[in-house]
Amino acid sequence: MAAERSSITLGGKGSSLSSSSVYKVASAVSQVRIDSSAFDRLSSAKPQPTKSTSFAFPQALTIEEFRASLVVLLNKLLLSTSLSSIRTVLPVSLSDSLNSKAGTLNFGGIDVTDGECTVLENAFAPLIGICSVVDHKSAALSQIVDAVAALSCEATKSDVSSFSSLDSGDGYGDKEAIAVAGDLKVLLNGSKFAGKRENGAISKIPRIHGRFRDMVKQVHAVARIELNSGVKGGKSGGSGDSGTGEALGTALSALSVAIKNLGECCLLRSKLVFESIENEALRNDLMGLFQKSGLDCSMLKDAHKLAYSALFEEDYCKFAHQVNELLGIVWKLVSWEAVAAFFALEGGELVSQKGADANGEDSKTTKKSDKKKKNEKKAVLGKGTSVIVQFIKERLLNKETIGDQVESWKIWVEQILLLLNPEDHSFDSFLEKVKEIVESNESRRLPKLPKGTRDFAKEQMTVRERAFSIIQEVFKRHGATALDTPVFELRETLMGKYGEDSKLIYDLADQGGELCSLRYDLTVPFARYVAMNGLTSFKRYQIAKVYRRDNPSKGRYREFYQCDLDIAGQFERMGPDFEIVKILTELLDELNIGDYEVKLNHRRLLDGMLEICGVPSEKFRTICSSIDKLDKQSFEQVKKEMVEEKGLSTETADRIGGFVKERGRPIELLTKLKQEGSEFMANKSSTEALEDLSILFEALERSNCSDKVVFDLSLARGLDYYTGVIFEAVFKGGVQVGSIGAGGRYDNLIGMFGTRQVPAVGMSLGIERVFNIMEELHKQQNQIIRPTETQALVSIMVENKLSEAAELVSQLWAAKIKAEYLVTKRRAKHFDRAKESRIPWMVIVGDRELTEGVVTLKNMESGNEEEVPRSSFVQELSKRLNP
């Protein structure tokens, strides 16, 4: 009895048609049903005059493509009820034709209304229908081809180590290639076959398959739009009015190239796999069958040429048909690759087994040998590929074979080809098995952190919480209030604010009609907030995570905390600048990390210096970005960049080199730069900057923190928004972590988001690097970090007495005493728990304490114990905790 076909409902409110649904109806797997609400809308239309139509579908369509075209046309008619001239007769005729399985409908001589004629002529039903078939088939192939390629990796014993080196970590990797490599690693997890022979046809799999995946997604996105868009009224304008032909043609042209490349790659692998079949007779017979199929490189190229010829003629429907034909060829190639790989891995054993059965060989020795081979096979194949091989094997052995050994393997070839044929009913089960392996294989569940991120254990969190507490205390001491902003901003908010570092911004996929990016720092969101709320004066702090698409290294992360304090508004000259630098020194002093220095410069002094050296004003910012690298590179390296990449003359670069070497105690170097005859004093920009620094350095001197500050002309700070004082804190101890804090004045940033310019200055503490220093110091000093603040452990040394623990520990919690509890007869567990967590007191309750109504208080440091009445144990413990 034939299985009952499922139904695809069209015309319902809010319903949408997918390529998968189109394909199911086109292949007669499902039937269509028109929603009753669509009939209600159609029947309410006023009677319209009709006329005869000569509309016809292109002649070259396959039955599948023709039926797909009918489905699309039916959906377009139901979407076009707003034209008020669609009758029920045409949709019903289309539905009846599709459900008859024949799927034929003669439009010649049919009388239609003007609205129906518009839909027939402007719906692009054949083009969209074929594109939907291509979309569905190529999406399925993108999953199947990876599984087949994994079998080829096993069969050819190829080196797959290159699959693990695709992600460079800089954010510019080929995402789809990396995803393909990830799926292949899942399928090959645990394999002892793969990984021995270098093979170009295997190493190119991730990139070739990745490009195919990418193009499949693009076609899917365009097809989904075209499937569910209505048909506009008006006169028919041929093949270009709506842009449907161009849109689908563009998407399919890229897919066509990817399909051809995929086929060529598959053909190369197939030849290698055939050669790896150990049974010579079987190998020759299989290769003979494959050659009879006519599948070769010239067939691929010819099909591709036919497709592009149609595209050149702008016959988009014919082009889509040819792409579908090309896709069919590649499907057959992939199927044959699967045949070759299966027989290379299991075929020899199957044929031998079949031959033994035919000859009546059923000895214990043969069975043991077969069992040994089976166990060996299980041990060497990957966990994913072994499941696929077993799935195919079970399907073949369940099929009855008639005839001798040769006829059996021919039938097995036919069965494998059918299994991978998307039109066969068994294909869906194979596709689901592949999906199940890739999505649920245990290697995919192995925990792994993204590069540039970290987990923090309880000891680390103790250090971090303590540090955050110190930082907040310093910020609040200076009158700052807390602010929180979203973790992502509109992309336009962030772009253009960070100079060359803008490339490190993490962009998010468009999920809600807006292009967004993860925040790069906390300063730009602060400026946006001030402008949005019309504030003219605001001192705020924020401790939150920021994100940078950077190449991770020691002390450099993609996700990390920043601790910012910013002061916005008009104040006395250099007042906020002084306080910001002072706050940074207070933070580093109170965190007690060791020796550090705060390098300080002025952006306008830099501009004056560049102007003196002859740098064009339009290159100031990009040259500043180069100078900013002097803390990591030699001047010769920076000079090479300025000359070869940024177009400065050698003389100009050398003059810059003479200036940026200047550094020293603030007031001493300032005096040198202001002395008579100094080039800086003849430049307006640098003169104003030196006056600012004179005021700042005097304030820092009087506040007893100038000894931590170094005036350094090489400090540039590459961010575009700085306009005045800039500074950077550097740790001088043994741990090499780079900058641990930075900031500066930015008078124009807030004005970018509003009509009012509000001057501002701020600082940011690189807290992650500070944590690295603190953790290293703890290791060097052998400090034991206590992860909890628990003051007492309620130890119930009697089984099944949770109620006792609940009563006693709740009394401690009510008294604001930090307490934990443990219920077990094993005394050692109680003491181990107290020692491991360094809990100072134990409240012990055993059988005797329960009987006598007392508890035993044990001081874990001194070891002293004493009994106290249960009724007053909370008060007694409080006295000992707070003597």
# chains A, B, ... in the order shown; residues from 1 in each chain; ligands from 1
call {"tool": "select_by_dssp", "arguments": {"residues": "segment 618-772 of chain A", "states": "strand (DSSP E or B)", "output": "PyMOL selection string"}}
result
chain A and resi 663-664+709-712+725-731+739-745+760-765
call {"tool": "residues_around", "arguments": {"residues": "Glu852 of chain A", "least_positions_apart": "5", "cutoff": "12 Å", "atoms": "only C-alpha atoms", "output": "PyMOL selection string"}}
result
chain A and resi 845-847+867-871
call {"tool": "closest_atom_pairs", "arguments": {"of": "segment 432-503 of chain A", "to": "segment 534-542 of chain A", "cutoff": "8 Å", "atoms": "only C-alpha atoms", "output": "tab-separated table"}}
result
residue	atom	partner	partner_atom	distance
A:Phe475	CA	A:Tyr541	CA	6.7
A:Gly479	CA	A:Lys539	CA	7.4
A:Ala480	CA	A:Arg540	CA	4.7
A:Thr481	CA	A:Arg540	CA	4.7
A:Ala482	CA	A:Tyr541	CA	5.1
A:Leu483	CA	A:Gln542	CA	5.6
A:Asp484	CA	A:Gln542	CA	6.4
call {"tool": "residues_around", "arguments": {"residues": "Leu248 of chain A", "least_positions_apart": "5", "cutoff": "8 Å", "atoms": "only C-alpha atoms", "output": "compact mmCIF listing (two decimals) with N, CA, C and O atoms, in the first residue's frame"}}
result
# COMPACT_ATOMS: atom_id res chain seq x y z
N ILE A 128 11.26 31.08 -10.87
CA ILE A 128 11.27 30.92 -9.42
C ILE A 128 11.08 29.46 -9.04
O ILE A 128 11.69 28.97 -8.08
N CYS A 131 14.37 27.70 -9.62
CA CYS A 131 15.31 28.17 -8.60
C CYS A 131 15.01 27.52 -7.25
O CYS A 131 15.93 27.19 -6.49
N VAL A 219 21.53 31.90 -2.55
CA VAL A 219 20.39 31.52 -3.40
C VAL A 219 19.14 31.33 -2.55
O VAL A 219 18.04 31.75 -2.92
N VAL A 222 17.56 34.71 -1.63
CA VAL A 222 16.86 35.35 -2.74
C VAL A 222 15.59 34.58 -3.10
O VAL A 222 14.53 35.16 -3.33
N ALA A 223 15.70 33.24 -3.12
CA ALA A 223 14.53 32.42 -3.48
C ALA A 223 13.39 32.61 -2.49
O ALA A 223 12.22 32.68 -2.88
N TYR A 316 16.90 33.87 -18.42
CA TYR A 316 17.12 33.43 -17.04
C TYR A 316 16.45 32.10 -16.73
O TYR A 316 16.96 31.32 -15.92
call {"tool": "atom_distance", "arguments": {"atom1": "atom CA of Leu286 of chain A", "atom2": "atom CA of Leu187 of chain A"}}
result
25.6 Å
call {"tool": "select_by_dssp", "arguments": {"residues": "segment 500-709 of chain A", "states": "helix (DSSP H, G or I)", "output": "ChimeraX atom specification"}}
result
/A:500-504,523-532,575-591,603-613,617-631,635-645,650-660,666-674,679-682,684-702,706-708
call {"tool": "atom_distance", "arguments": {"atom1": "atom CA of Phe468 of chain A", "atom2": "atom CA of Ala819 of chain A"}}
result
24.0 Å
call {"tool": "residues_around", "arguments": {"residues": "Ser256 of chain A", "least_positions_apart": "4", "cutoff": "7 Å", "atoms": "only C-alpha atoms", "output": "PDB file with N, CA, C and O atoms, in the first residue's frame"}}
result
ATOM      1  N   LEU A 252      22.241  32.666  -8.934  1.00  0.00           N
ATOM      2  CA  LEU A 252      22.482  31.361  -9.548  1.00  0.00           C
ATOM      3  C   LEU A 252      23.811  31.305 -10.291  1.00  0.00           C
ATOM      4  O   LEU A 252      24.435  30.247 -10.378  1.00  0.00           O
ATOM      5  N   LYS A 260      30.186  23.718 -10.233  1.00  0.00           N
ATOM      6  CA  LYS A 260      31.200  23.169 -11.133  1.00  0.00           C
ATOM      7  C   LYS A 260      32.484  22.828 -10.370  1.00  0.00           C
ATOM      8  O   LYS A 260      33.052  21.743 -10.520  1.00  0.00           O
ATOM      9  N   VAL A 323      21.430  25.225 -14.838  1.00  0.00           N
ATOM     10  CA  VAL A 323      22.071  25.086 -13.527  1.00  0.00           C
ATOM     11  C   VAL A 323      21.539  23.851 -12.818  1.00  0.00           C
ATOM     12  O   VAL A 323      22.288  23.102 -12.172  1.00  0.00           O
TER      13      VAL A 323
END
call {"tool": "closest_residue", "arguments": {"among": "A:Arg528, A:Leu857, A:Val874, A:Met681", "to": "Glu807 of chain A", "atoms": "only C-alpha atoms"}}
result
A:Val874
call {"tool": "closest_residue", "arguments": {"among": "A:Val339, A:Ile471, A:Val216, A:Leu793", "to": "Leu141 of chain A", "atoms": "only C-alpha atoms"}}
result
A:Val216
call {"tool": "residues_around", "arguments": {"residues": "Thr723 of chain A", "least_positions_apart": "6", "cutoff": "9 Å", "atoms": "only C-alpha atoms", "output": "JSON, numbers by chain"}}
result
{"A": [602, 603, 604, 744, 745, 746, 747, 748]}
call {"tool": "atom_distance", "arguments": {"atom1": "atom CA of Ser152 of chain A", "atom2": "atom CA of Met215 of chain A"}}
result
23.6 Å
call {"tool": "residues_around", "arguments": {"residues": "segment 557-567 of chain A", "least_positions_apart": "6", "cutoff": "7 Å", "atoms": "only C-alpha atoms", "output": "list of chain:residue names"}}
result
A:Gly452, A:Thr453, A:Leu522, A:Phe538, A:Lys539, A:Arg540, A:Tyr541, A:Gln542, A:Ile543, A:Ala544, A:Lys545, A:Val546, A:Tyr547, A:Arg548, A:Arg549, A:Asp550, A:Pro576, A:Ala760, A:Val761, A:Gly762, A:Met763, A:Ser764, A:Leu765, A:Gly766, A:Ile767, A:Glu768
call {"tool": "closest_residue", "arguments": {"among": "A:Ile416, A:Leu648, A:Leu591, A:Val330", "to": "Leu777 of chain A", "atoms": "only C-alpha atoms"}}
result
A:Leu591
call {"tool": "closest_residue", "arguments": {"among": "A:Ala729, A:Leu300, A:Met774, A:Leu184", "to": "Glu439 of chain A", "atoms": "only C-alpha atoms"}}
result
A:Leu184
